[in-house]
Amino acid sequence: MTTVYEQRTGLTRREMLKRSGAAGATAMLVISGSAVIAANRAWGLEVTALKPETMATLIQMARDIYPHDHVPDKFYAIAMKGYDSEMAAKDAAKKDMIEAAIADLDARAGAGGYLGLGWEEDRIAVLKQIEGTDFFKMVRGGLVTGLYNQKELWPLFGYEGESFSKGGYIDRGFNDIEWL
Amino acid sequence: MAAPYDLNDDSVVVIIGSGAGGGTLGSALAQQGVDVVILEAGKRVEYDDFINDEWGSFGQLAWLDNRTTSGNWRVSQDFANLPAWIVKAVGGTTTHWAGASLRFQEHELKALTNYGPVEGANLLDWPLTLADLEPYYAKAEDNMGVTRTNGIPGLPASNNFKIFEAGAKALGYKDVHTGRMAINSEARDERSACQQTGFCFQGCKWGAKWSTLYVDIPKGEATGKLEVRSQSHVLKIEHNDAGKVTGVVYADKDGNQQVQKARIVCVAGNSFESPRMLLNSASAKFPDGLANSSGQVGKNYMRHMTGSVYAVFDKPVHFYRGTTMAGIIQDESRHDPSRGFVGGYELETLALGLPFMAAFLNPGGWGRSFTSALDGYDRMAGMWIVGEDMPQEKNAVTLHPDAKDQYGMPVPNVHFDDHPNDVAMRNHAYSQGMALYDAVGATQTYPTPPYPSTHNLGTNRMSEKPQDGVVNKWGQTHDIANLFVSDGSQFTTGAAENPTLTIVALALRQADHIASQMSKGEL
Ligand SMILES: Cc1cc2nc3c(=O)[nH]c(=O)nc-3n(C[C@H](O)[C@H](O)[C@H](O)COP(=O)(O)OP(=O)(O)OC[C@H]3O[C@@H](n4cnc5c(N)ncnc54)[C@H](O)[C@@H]3O)c2cc1C
Ligand code: SF4
């Protein structure tokens with residue numbers, strides 16, 4: 001089972017240092033055994049089929065496609081976990097396809113791989129090269145709902161979601177603009 | 001009290017579809033004492049069960065059967081199998097709709113006469129006038145409870161509208177208000193007033209917005225003369241040797257085929273399914289499909305010239321609070337070729353939730369320019385553009401040569417190319433919309449491409465002469481006296497206005513015609 005869990009404790013210092021990517025751009029993500037863990041230990045994601053490095057790369061790729069600096073990695077991780085649990089774990093051919101696509105991304109990025117590229121700009125340049133591939137289209141298309149349809153994400157954008165149970169906005173600010 | 005009718009009862013009027021056209025017609029006929037069976041492909045979802053969640057509601061109500069697309073419209077790239085955003089449920093797309101209810105202008109009903117021939121367009125005058133429609137517009141407005149008619153006050157101004165109105169004034173627009181909306185601004189017709197929940201596109205859980213689902217259909221059912229048979233997907237219309245239609249073949253909720261006999265058949269499945277049913281009913285006698293001697297079935301597909309303009313400001317707006325469509329500017333709806341195009345357009349405020357904004361702002365877009373727009377979501381205002389598009393014969397619903405649906409019937413392919421007049425009008429509207437928001441201090445504006453079509457029109461068009469179209473001024477097919485078309489596919493041209501009020505007015509007028517012809521023994 002792929003899990004995204006909160007507050008994983010007991011991370012050793014050695015694990016903390018074994019960061020994915022040499023250059024420090026992606027120092028937010030740590031690989032430990034079969035898990036990708038947030039460096040601040042706020043959450044972790046256990047993979048069962050994909051390599052954890054592959055998952056870390058997918059998460060970074062998701063952020064690079066839809067970069068929101070105020071959105072924690074956890075939301076990107078939730079959006080991407082299905083590539084492990086729903087695809088790679090259930091279908092060997094899909095697993096190979098994903099691993100091959102990430103290997104290709106790393107090869108295009110040069111010596112340190114995709115995660116080794118410190119600046120978003122440089123990673124975008126690599127993504128531009130694969131923009132027309134089915135793999136990129138699948139990842140980008142999937143994020144539209146995988147990322148933006150997470151209810152827990154909405155407050156970060158100021159979207160309040162369901163309003164019927166609260167009686168609508170008739171007394172809750174549908175006409176409260178003051179700055180005009 | 002809903003009357004169940006026997007499959008072999010050949011005295012009933014069978015209506016296919018329960019949306020704006022079919023639901024209105026069925027209820028109006030039943031209230032005049034005519035026995036009616038409405039066959040509706042979708043389920044019956046009552047308004048308590050609607051969901052305040054964009055994708056959740058889409059899954060609950062939208063028509064998701066396969067369709068294919070072609071042509072140079074961007075929808076064909078971005079949403080290749082979703083040419084339209086319409087509903088499969090009792091009430092049809094009147095569950096999803098926003099409620100804008102505008103009458104056509106007189107000159108629009110005579111588009112060919114007033115615009116003159118336009119190259120590449122298949123313009124035609126409607127075979128009826130505004131005077132013919134006016135009594136039915138009045139009835140429709142009363143029935144639907146349209147604000148700013150019948151003494152019903154306008155809806156209150158929301159944040160999105162206030163910005164729009166301030167920009168409109170700065171640009172010198174005069175005809176700006178919170179719209180003529182089929183949404184209760186106060187309790188009326190045993191339905192509550194709008195609570196500004198902001199999920200009009202997901203079905204109104206208060207019942208404040210008009211829908212055939214909870215307005216017309218229950219009134220029809222109460223007469224004991226109307227049966228609405230849900231999960232009944234019509235595949236074909238049958239006819240006899242004399243060339244009269246005799247009934248319809250449909251798949252019931254278990255997928256079993258049934259035949260419902262009929263005295264009269266009225267097709268109201270919206271502008272893809274209505275022509276598709278006629279084409280799928282081809283026979284030895286009618287090899288090109290039913291009512292298609294003109295060759296115009298499926299042709300002249302119109303979707304309105306549309307687009308949106310979103311703008312981000314430096315201070316909060318929260319435009320998703322309140323009615324999805326909260327106001328209108330009508331100054332550009334005139335016909336004034338000095339702007340570089342014929343016909344006109346309306347500007348109407350619009351808001352989407354975050355999930356739909358992400359899907360529709362710039363489909364396929366990614367990277368920082370895309371995400372910076374969404375980062376401004378709670379400081380965003382928005383409007384939708386809706387204008388007259390040109391009927392073109394090549395814009396057509398045809399049967400796919402290979403792809404079949406779950407019942408083995410060919411799926412529809414929808415071809416659409418923008419006409420140069422559509423493009424010129426859209427560009428004009430984009431620049432007006434952006435200027436409007438700039439005038440009130442927008443820091444960014446986003447001209448946004450058309451969504452999958454919400455207004456689908458013209459594919460069984462009305463014409464004076466049988467060789468020019470499919471139906472006459474009553475919606476009766478030129479070829480088969482007891483076969484009618486009762487939805488937006490009858491439209492000869494699209495006009496600038498949102499179509500539903502006109503669909504409802506035409507359905508009410510058709511109901512009077514059918515009932516009187518029946519009582520005279522002519523049908
Ligand atoms: C998001 C949105 C907002 C809109 N806002 C507005 C607005 O503000 N103002 C306006 O004027 N219009 C608006 N519209 C458009 C409006 O909803 C349509 O114009 C109107 O509902 C069309 O009526 P209709 O009867 O042609 O089709 P529909 O209302 O779509 O009804 C067709 C019905 O037929 C059924 N059907 C189809 N095929 C079959 C079959 N083979 N067998 C049985 N049943 C079948 C369908 O399931 C459906 O229930 C909006 C639409 C959308 C999607
Ligand atoms: S805003 Fe008003 S009309 Fe729209 S769904 Fe809410 S209550 Fe209904």
# chains A, B, ... in the order shown; residues from 1 in each chain; ligands from 1

call {"tool": "residues_near_ligand", "arguments": {"ligand": "ligand 2", "cutoff": "10 Å", "atoms": "only C-alpha atoms and all ligand atoms", "output": "PyMOL selection string"}}
result
(chain A and resi 163-164+167-170+174) or (chain B and resi 50+52+95-99+155+181-185+192-210+320-326)

call {"tool": "residues_near_ligand", "arguments": {"ligand": "ligand 1", "cutoff": "7 Å", "atoms": "only C-alpha atoms and all ligand atoms", "output": "PDB file with C-alpha atoms, in the first residue's frame"}}
result
ATOM      1  CA  ILE B  16     -37.592  12.304 -26.236  1.00  0.00           C
ATOM      2  CA  GLY B  17     -35.713  14.286 -23.608  1.00  0.00           C
ATOM      3  CA  SER B  18     -36.900  16.176 -20.520  1.00  0.00           C
ATOM      4  CA  GLY B  19     -34.812  19.373 -20.673  1.00  0.00           C
ATOM      5  CA  ALA B  20     -35.768  22.920 -21.563  1.00  0.00           C
ATOM      6  CA  GLY B  21     -37.605  21.850 -24.721  1.00  0.00           C
ATOM      7  CA  GLY B  22     -38.975  18.397 -23.858  1.00  0.00           C
ATOM      8  CA  LEU B  39     -38.478   9.136 -22.421  1.00  0.00           C
ATOM      9  CA  GLU B  40     -35.335  10.410 -20.726  1.00  0.00           C
ATOM     10  CA  ALA B  41     -31.952   8.718 -21.056  1.00  0.00           C
ATOM     11  CA  GLY B  42     -30.724   9.920 -17.669  1.00  0.00           C
ATOM     12  CA  TRP B  63     -23.650  13.408 -20.523  1.00  0.00           C
ATOM     13  CA  TRP B  85     -20.967  20.211 -21.473  1.00  0.00           C
ATOM     14  CA  ILE B  86     -24.595  19.095 -21.218  1.00  0.00           C
ATOM     15  CA  VAL B  87     -26.647  16.897 -18.993  1.00  0.00           C
ATOM     16  CA  LYS B  88     -28.069  13.391 -19.016  1.00  0.00           C
ATOM     17  CA  ALA B  89     -30.693  13.458 -16.263  1.00  0.00           C
ATOM     18  CA  VAL B  90     -34.340  14.334 -15.824  1.00  0.00           C
ATOM     19  CA  GLY B  91     -34.507  18.093 -16.364  1.00  0.00           C
ATOM     20  CA  GLY B  92     -31.704  17.925 -18.904  1.00  0.00           C
ATOM     21  CA  THR B  93     -29.321  20.848 -19.001  1.00  0.00           C
ATOM     22  CA  THR B  94     -31.781  23.045 -17.088  1.00  0.00           C
ATOM     23  CA  HIS B  96     -26.764  22.832 -14.917  1.00  0.00           C
ATOM     24  CA  TRP B  97     -27.724  26.093 -16.539  1.00  0.00           C
ATOM     25  CA  ALA B  98     -27.020  29.562 -15.138  1.00  0.00           C
ATOM     26  CA  GLY B  99     -30.475  31.050 -15.694  1.00  0.00           C
ATOM     27  CA  ALA B 100     -29.853  33.999 -18.062  1.00  0.00           C
ATOM     28  CA  SER B 101     -33.174  34.482 -19.877  1.00  0.00           C
ATOM     29  CA  PHE B 201     -23.782  25.021 -12.572  1.00  0.00           C
ATOM     30  CA  SER B 232     -34.868   5.177 -21.161  1.00  0.00           C
ATOM     31  CA  HIS B 233     -32.394   5.870 -23.940  1.00  0.00           C
ATOM     32  CA  VAL B 234     -34.022   6.191 -27.367  1.00  0.00           C
ATOM     33  CA  LEU B 235     -32.098   4.533 -30.173  1.00  0.00           C
ATOM     34  CA  ALA B 268     -35.822  17.093 -27.743  1.00  0.00           C
ATOM     35  CA  GLY B 269     -32.467  15.490 -27.005  1.00  0.00           C
ATOM     36  CA  ASN B 270     -30.368  18.661 -27.506  1.00  0.00           C
ATOM     37  CA  SER B 271     -28.505  19.468 -30.718  1.00  0.00           C
ATOM     38  CA  GLU B 273     -28.613  13.672 -29.948  1.00  0.00           C
ATOM     39  CA  SER B 274     -31.663  14.983 -31.832  1.00  0.00           C
ATOM     40  CA  MET B 277     -31.518   9.936 -33.583  1.00  0.00           C
ATOM     41  CA  THR B 454     -23.032  24.748 -23.416  1.00  0.00           C
ATOM     42  CA  HIS B 455     -25.304  26.223 -26.114  1.00  0.00           C
ATOM     43  CA  ASN B 456     -25.879  23.767 -28.930  1.00  0.00           C
ATOM     44  CA  ASP B 487     -35.302  21.752 -28.676  1.00  0.00           C
ATOM     45  CA  GLY B 488     -32.570  24.214 -29.625  1.00  0.00           C
ATOM     46  CA  SER B 489     -31.731  22.242 -32.751  1.00  0.00           C
ATOM     47  CA  ASN B 498     -28.570  32.762 -24.380  1.00  0.00           C
ATOM     48  CA  PRO B 499     -31.019  30.335 -25.977  1.00  0.00           C
ATOM     49  CA  THR B 500     -33.145  28.756 -23.277  1.00  0.00           C
ATOM     50  CA  LEU B 501     -35.911  31.324 -22.952  1.00  0.00           C
ATOM     51  CA  ILE B 503     -36.388  27.169 -26.518  1.00  0.00           C
TER      52      ILE B 503
END

call {"tool": "residues_around", "arguments": {"residues": "Ile328 in chain B", "least_positions_apart": "6", "cutoff": "6 Å", "atoms": "only C-alpha atoms", "output": "PyMOL selection string"}}
result
chain B and resi 176-177+179+347-348

call {"tool": "closest_atom_pairs", "arguments": {"of": "chain B", "to": "chain A", "cutoff": "10 Å", "atoms": "only C-alpha atoms", "output": "tab-separated table"}}
result
residue	atom	partner	partner_atom	distance
B:Ile51	CA	A:Glu162	CA	8.4
B:Asn52	CA	A:Glu162	CA	5.0
B:Asp53	CA	A:Glu162	CA	6.4
B:Glu54	CA	A:Asn149	CA	8.9
B:Trp55	CA	A:Asn149	CA	7.9
B:Gly56	CA	A:Asn149	CA	9.9
B:Pro156	CA	A:Asn175	CA	8.4
B:Ala157	CA	A:Asn175	CA	6.6
B:Ser158	CA	A:Asn175	CA	4.5
B:Asn159	CA	A:Asn175	CA	4.8
B:Asn160	CA	A:Asn175	CA	8.3
B:Phe161	CA	A:Asn175	CA	8.9
B:Lys162	CA	A:Leu180	CA	8.1
B:Ile163	CA	A:Leu180	CA	7.2
B:Ala166	CA	A:Leu180	CA	8.0
B:Cys194	CA	A:Ile170	CA	8.2
B:Gln195	CA	A:Ile170	CA	5.2
B:Gln196	CA	A:Ile170	CA	5.1
B:Thr197	CA	A:Gly168	CA	3.8
B:Gly198	CA	A:Gly168	CA	7.3
B:Phe199	CA	A:Ser163	CA	8.3
B:Cys204	CA	A:Phe164	CA	9.5
B:Lys205	CA	A:Phe164	CA	7.4
B:Trp206	CA	A:Phe164	CA	8.4
B:Lys315	CA	A:Trp179	CA	7.5
B:Pro316	CA	A:Ile177	CA	7.6
B:Val317	CA	A:Ile177	CA	6.5
B:His318	CA	A:Phe174	CA	7.6
B:Phe319	CA	A:Phe174	CA	7.8
B:Tyr320	CA	A:Tyr159	CA	7.9
B:Arg321	CA	A:Phe174	CA	4.9
B:Gly322	CA	A:Phe174	CA	5.3
B:Thr323	CA	A:Phe174	CA	8.9
B:Gly353	CA	A:Tyr159	CA	7.2
B:Leu354	CA	A:Tyr159	CA	6.5
B:Pro355	CA	A:Tyr148	CA	5.4
B:Phe356	CA	A:Tyr148	CA	8.8
B:Met357	CA	A:Tyr148	CA	9.2
B:Ala358	CA	A:Val144	CA	6.3
B:Ala359	CA	A:Val144	CA	6.1
B:Phe360	CA	A:Val144	CA	9.7
B:Pro363	CA	A:Gly141	CA	9.1
B:Gly364	CA	A:Gly141	CA	7.5
B:Gly365	CA	A:Arg140	CA	8.9
B:Trp366	CA	A:Ile65	CA	5.5
B:Gly367	CA	A:Ile65	CA	5.1
B:Arg368	CA	A:Pro67	CA	6.3
B:Ser369	CA	A:Tyr66	CA	9.5
B:Phe370	CA	A:Tyr66	CA	7.7
B:Thr371	CA	A:Tyr66	CA	6.0
B:Ser372	CA	A:His68	CA	7.8
B:Leu374	CA	A:Phe157	CA	7.6
B:Asp375	CA	A:Phe157	CA	6.4
B:Gly376	CA	A:Phe157	CA	7.7
B:Tyr377	CA	A:Phe157	CA	6.2
B:Asp378	CA	A:Gly158	CA	5.3
B:Arg379	CA	A:Gly158	CA	8.9
B:Val440	CA	A:Leu180	CA	7.8
B:Gly441	CA	A:Leu180	CA	9.4

call {"tool": "residues_around", "arguments": {"residues": "Thr149 in chain B", "least_positions_apart": "2", "cutoff": "12 Å", "atoms": "only C-alpha atoms", "output": "compact mmCIF listing (two decimals) with all heavy atoms, in the first residue's frame"}}
result
# COMPACT_ATOMS: atom_id res chain seq x y z
N SER B 101 -31.96 34.69 -19.08
CA SER B 101 -33.17 34.48 -19.88
C SER B 101 -33.50 35.75 -20.66
O SER B 101 -34.16 36.65 -20.16
CB SER B 101 -34.33 34.11 -18.94
OG SER B 101 -34.01 32.93 -18.23
N LEU B 102 -33.04 35.79 -21.89
CA LEU B 102 -33.16 37.00 -22.71
C LEU B 102 -33.99 36.71 -23.95
O LEU B 102 -33.85 35.65 -24.57
CB LEU B 102 -31.77 37.46 -23.16
CG LEU B 102 -30.74 37.71 -22.06
CD1 LEU B 102 -29.37 37.97 -22.67
CD2 LEU B 102 -31.16 38.88 -21.18
N ARG B 103 -34.81 37.69 -24.33
CA ARG B 103 -35.54 37.57 -25.60
C ARG B 103 -34.61 37.88 -26.77
O ARG B 103 -33.70 38.71 -26.64
CB ARG B 103 -36.70 38.57 -25.62
CG ARG B 103 -37.77 38.29 -24.59
CD ARG B 103 -38.94 39.25 -24.77
NE ARG B 103 -39.95 39.01 -23.75
CZ ARG B 103 -41.21 39.45 -23.83
NH1 ARG B 103 -41.60 40.16 -24.89
NH2 ARG B 103 -42.07 39.20 -22.87
N TYR B 137 -43.01 34.35 -25.19
CA TYR B 137 -41.96 34.86 -24.32
C TYR B 137 -42.57 35.29 -22.99
O TYR B 137 -42.02 35.00 -21.92
CB TYR B 137 -41.26 36.07 -24.96
CG TYR B 137 -40.09 35.74 -25.87
CD1 TYR B 137 -39.87 36.47 -27.06
CD2 TYR B 137 -39.17 34.74 -25.55
CE1 TYR B 137 -38.78 36.21 -27.88
CE2 TYR B 137 -38.08 34.47 -26.37
CZ TYR B 137 -37.89 35.20 -27.54
OH TYR B 137 -36.81 34.94 -28.34
N ALA B 138 -43.71 35.98 -23.06
CA ALA B 138 -44.34 36.47 -21.83
C ALA B 138 -44.74 35.29 -20.94
O ALA B 138 -44.51 35.30 -19.72
CB ALA B 138 -45.56 37.32 -22.17
N LYS B 139 -45.30 34.26 -21.55
CA LYS B 139 -45.70 33.06 -20.80
C LYS B 139 -44.48 32.36 -20.20
O LYS B 139 -44.49 31.92 -19.04
CB LYS B 139 -46.38 32.10 -21.78
CG LYS B 139 -47.72 31.57 -21.32
CD LYS B 139 -48.36 30.78 -22.47
CE LYS B 139 -49.06 29.56 -21.93
NZ LYS B 139 -49.79 28.83 -22.97
N ALA B 140 -43.43 32.28 -21.00
CA ALA B 140 -42.20 31.61 -20.54
C ALA B 140 -41.60 32.37 -19.36
O ALA B 140 -41.18 31.77 -18.36
CB ALA B 140 -41.20 31.50 -21.68
N GLU B 141 -41.56 33.69 -19.46
CA GLU B 141 -40.96 34.48 -18.37
C GLU B 141 -41.75 34.32 -17.08
O GLU B 141 -41.17 34.25 -15.99
CB GLU B 141 -40.91 35.96 -18.78
CG GLU B 141 -39.82 36.23 -19.80
CD GLU B 141 -39.98 37.56 -20.55
OE1 GLU B 141 -41.07 38.18 -20.46
OE2 GLU B 141 -39.02 37.96 -21.23
N ASP B 142 -43.05 34.23 -17.21
CA ASP B 142 -43.88 34.05 -16.03
C ASP B 142 -43.66 32.65 -15.44
O ASP B 142 -43.44 32.47 -14.23
CB ASP B 142 -45.35 34.26 -16.42
CG ASP B 142 -46.26 34.16 -15.21
OD1 ASP B 142 -45.87 34.63 -14.12
OD2 ASP B 142 -47.37 33.59 -15.34
N ASN B 143 -43.67 31.66 -16.32
CA ASN B 143 -43.48 30.28 -15.93
C ASN B 143 -42.13 30.05 -15.24
O ASN B 143 -42.01 29.32 -14.26
CB ASN B 143 -43.58 29.45 -17.23
CG ASN B 143 -43.35 27.98 -17.04
OD1 ASN B 143 -43.76 27.43 -16.04
ND2 ASN B 143 -42.69 27.36 -18.00
N MET B 144 -41.10 30.71 -15.76
CA MET B 144 -39.75 30.50 -15.25
C MET B 144 -39.40 31.48 -14.14
O MET B 144 -38.36 31.33 -13.49
CB MET B 144 -38.74 30.64 -16.40
CG MET B 144 -38.96 29.63 -17.52
SD MET B 144 -38.16 30.11 -19.07
CE MET B 144 -36.46 29.68 -18.74
N GLY B 145 -40.24 32.49 -13.95
CA GLY B 145 -39.97 33.48 -12.90
C GLY B 145 -38.74 34.32 -13.19
O GLY B 145 -37.83 34.43 -12.36
N VAL B 146 -38.70 34.92 -14.37
CA VAL B 146 -37.51 35.68 -14.78
C VAL B 146 -37.49 37.05 -14.10
O VAL B 146 -38.48 37.79 -14.15
CB VAL B 146 -37.48 35.83 -16.32
CG1 VAL B 146 -36.29 36.68 -16.76
CG2 VAL B 146 -37.46 34.46 -16.99
N THR B 147 -36.37 37.38 -13.48
CA THR B 147 -36.24 38.68 -12.82
C THR B 147 -36.36 39.81 -13.85
O THR B 147 -36.07 39.63 -15.03
CB THR B 147 -34.89 38.83 -12.09
OG1 THR B 147 -33.83 38.64 -13.02
CG2 THR B 147 -34.75 37.82 -10.96
N GLY B 151 -42.88 42.09 -12.74
CA GLY B 151 -42.73 42.75 -11.44
C GLY B 151 -41.75 42.07 -10.49
O GLY B 151 -41.70 42.41 -9.31
N ILE B 152 -40.97 41.11 -11.00
CA ILE B 152 -40.01 40.41 -10.13
C ILE B 152 -38.73 41.25 -10.05
O ILE B 152 -38.15 41.59 -11.08
CB ILE B 152 -39.69 39.01 -10.69
CG1 ILE B 152 -40.98 38.20 -10.89
CG2 ILE B 152 -38.70 38.28 -9.79
CD1 ILE B 152 -40.77 36.90 -11.66
N PRO B 153 -38.29 41.59 -8.83
CA PRO B 153 -37.08 42.42 -8.74
C PRO B 153 -35.83 41.71 -9.24
O PRO B 153 -35.77 40.47 -9.26
CB PRO B 153 -36.96 42.72 -7.24
CG PRO B 153 -37.93 41.85 -6.54
CD PRO B 153 -38.87 41.26 -7.53
N GLY B 154 -34.83 42.50 -9.61
CA GLY B 154 -33.54 41.94 -10.00
C GLY B 154 -32.85 41.33 -8.80
O GLY B 154 -33.20 41.61 -7.65
N GLY B 179 -29.12 41.38 -14.57
CA GLY B 179 -29.61 40.34 -15.46
C GLY B 179 -31.09 40.06 -15.38
O GLY B 179 -31.79 40.49 -14.47
N ARG B 180 -31.54 39.37 -16.42
CA ARG B 180 -32.89 38.79 -16.41
C ARG B 180 -32.65 37.31 -16.19
O ARG B 180 -32.26 36.58 -17.09
CB ARG B 180 -33.57 39.01 -17.77
CG ARG B 180 -33.88 40.45 -18.03
CD ARG B 180 -34.36 40.67 -19.45
NE ARG B 180 -34.46 42.10 -19.70
CZ ARG B 180 -35.54 42.83 -19.42
NH1 ARG B 180 -36.63 42.26 -18.95
NH2 ARG B 180 -35.55 44.12 -19.65
N MET B 181 -32.85 36.91 -14.93
CA MET B 181 -32.44 35.57 -14.54
C MET B 181 -33.64 34.76 -14.09
O MET B 181 -34.48 35.27 -13.35
CB MET B 181 -31.43 35.65 -13.37
CG MET B 181 -30.20 36.51 -13.65
SD MET B 181 -29.15 35.90 -15.00
CE MET B 181 -28.51 34.38 -14.28
N ALA B 182 -33.69 33.49 -14.53
CA ALA B 182 -34.75 32.60 -14.07
C ALA B 182 -34.34 32.03 -12.71
O ALA B 182 -34.18 30.83 -12.51
CB ALA B 182 -35.00 31.50 -15.08
N ILE B 183 -34.10 32.96 -11.80
CA ILE B 183 -33.68 32.63 -10.43
C ILE B 183 -34.52 33.50 -9.51
O ILE B 183 -34.58 34.72 -9.70
CB ILE B 183 -32.19 32.96 -10.20
CG1 ILE B 183 -31.29 32.07 -11.08
CG2 ILE B 183 -31.83 32.83 -8.72
CD1 ILE B 183 -29.80 32.34 -10.93
N ASN B 184 -35.16 32.91 -8.54
CA ASN B 184 -36.02 33.68 -7.64
C ASN B 184 -35.22 34.70 -6.84
O ASN B 184 -34.34 34.32 -6.06
CB ASN B 184 -36.72 32.74 -6.65
CG ASN B 184 -37.97 32.10 -7.25
OD1 ASN B 184 -38.40 32.45 -8.35
ND2 ASN B 184 -38.54 31.16 -6.50
N SER B 185 -35.56 35.97 -7.01
CA SER B 185 -34.95 36.99 -6.14
C SER B 185 -35.77 37.09 -4.85
O SER B 185 -35.32 37.66 -3.86
CB SER B 185 -34.88 38.34 -6.85
OG SER B 185 -36.17 38.69 -7.34

call {"tool": "residues_around", "arguments": {"residues": "range 53-61 of chain A", "least_positions_apart": "3", "cutoff": "7 Å", "atoms": "only C-alpha atoms", "output": "VMD selection string"}}
result
chain A and resid 20 29 31 36 50 64 to 65 76 to 77 80 99 102 115

call {"tool": "residues_around", "arguments": {"residues": "Ile15 in chain B", "least_positions_apart": "4", "cutoff": "10 Å", "atoms": "only C-alpha atoms", "output": "PyMOL selection string"}}
result
chain B and resi 21-23+25-26+36-40+228+248+262+264-269+484-486

call {"tool": "residues_around", "arguments": {"residues": "Met390 in chain B", "least_positions_apart": "2", "cutoff": "7 Å", "atoms": "only C-alpha atoms", "output": "PyMOL selection string"}}
result
chain B and resi 121+388+392+419+422

call {"tool": "write_last_selection", "arguments": {"atoms": "N, CA, C and O atoms", "output": "PDB file, in the first residue's frame"}}
result
ATOM      1  N   ALA B 121     -21.160  31.453 -44.912  1.00  0.00           N
ATOM      2  CA  ALA B 121     -22.225  31.217 -43.931  1.00  0.00           C
ATOM      3  C   ALA B 121     -23.499  30.814 -44.661  1.00  0.00           C
ATOM      4  O   ALA B 121     -23.727  31.201 -45.802  1.00  0.00           O
ATOM      5  N   GLU B 388     -23.538  35.978 -31.411  1.00  0.00           N
ATOM      6  CA  GLU B 388     -24.089  35.224 -32.538  1.00  0.00           C
ATOM      7  C   GLU B 388     -22.958  34.624 -33.370  1.00  0.00           C
ATOM      8  O   GLU B 388     -22.034  35.342 -33.766  1.00  0.00           O
ATOM      9  N   GLN B 392     -22.852  27.378 -40.531  1.00  0.00           N
ATOM     10  CA  GLN B 392     -22.068  26.936 -41.687  1.00  0.00           C
ATOM     11  C   GLN B 392     -22.462  25.491 -41.956  1.00  0.00           C
ATOM     12  O   GLN B 392     -22.508  24.679 -41.022  1.00  0.00           O
ATOM     13  N   HIS B 419     -15.945  30.591 -37.959  1.00  0.00           N
ATOM     14  CA  HIS B 419     -16.089  31.438 -39.146  1.00  0.00           C
ATOM     15  C   HIS B 419     -15.297  32.734 -38.888  1.00  0.00           C
ATOM     16  O   HIS B 419     -15.203  33.166 -37.732  1.00  0.00           O
ATOM     17  N   ASP B 422     -16.937  34.986 -36.561  1.00  0.00           N
ATOM     18  CA  ASP B 422     -16.870  34.570 -35.147  1.00  0.00           C
ATOM     19  C   ASP B 422     -15.547  35.055 -34.528  1.00  0.00           C
ATOM     20  O   ASP B 422     -15.518  35.542 -33.397  1.00  0.00           O
TER      21      ASP B 422
END

call {"tool": "select_by_dssp", "arguments": {"residues": "range 56-124 of chain B", "states": "helix (DSSP H, G or I)", "output": "list in words"}}
result
Gly56, Ser57, Phe58, Gly59, Gln60, Leu61, Val75, Ser76, Gln77, Asp78, Gly92, Thr93, Thr94, Glu106, His107, Glu108, Leu109, Lys110, Ala111, Leu112, Thr113, Asn114 and Tyr115 of chain B
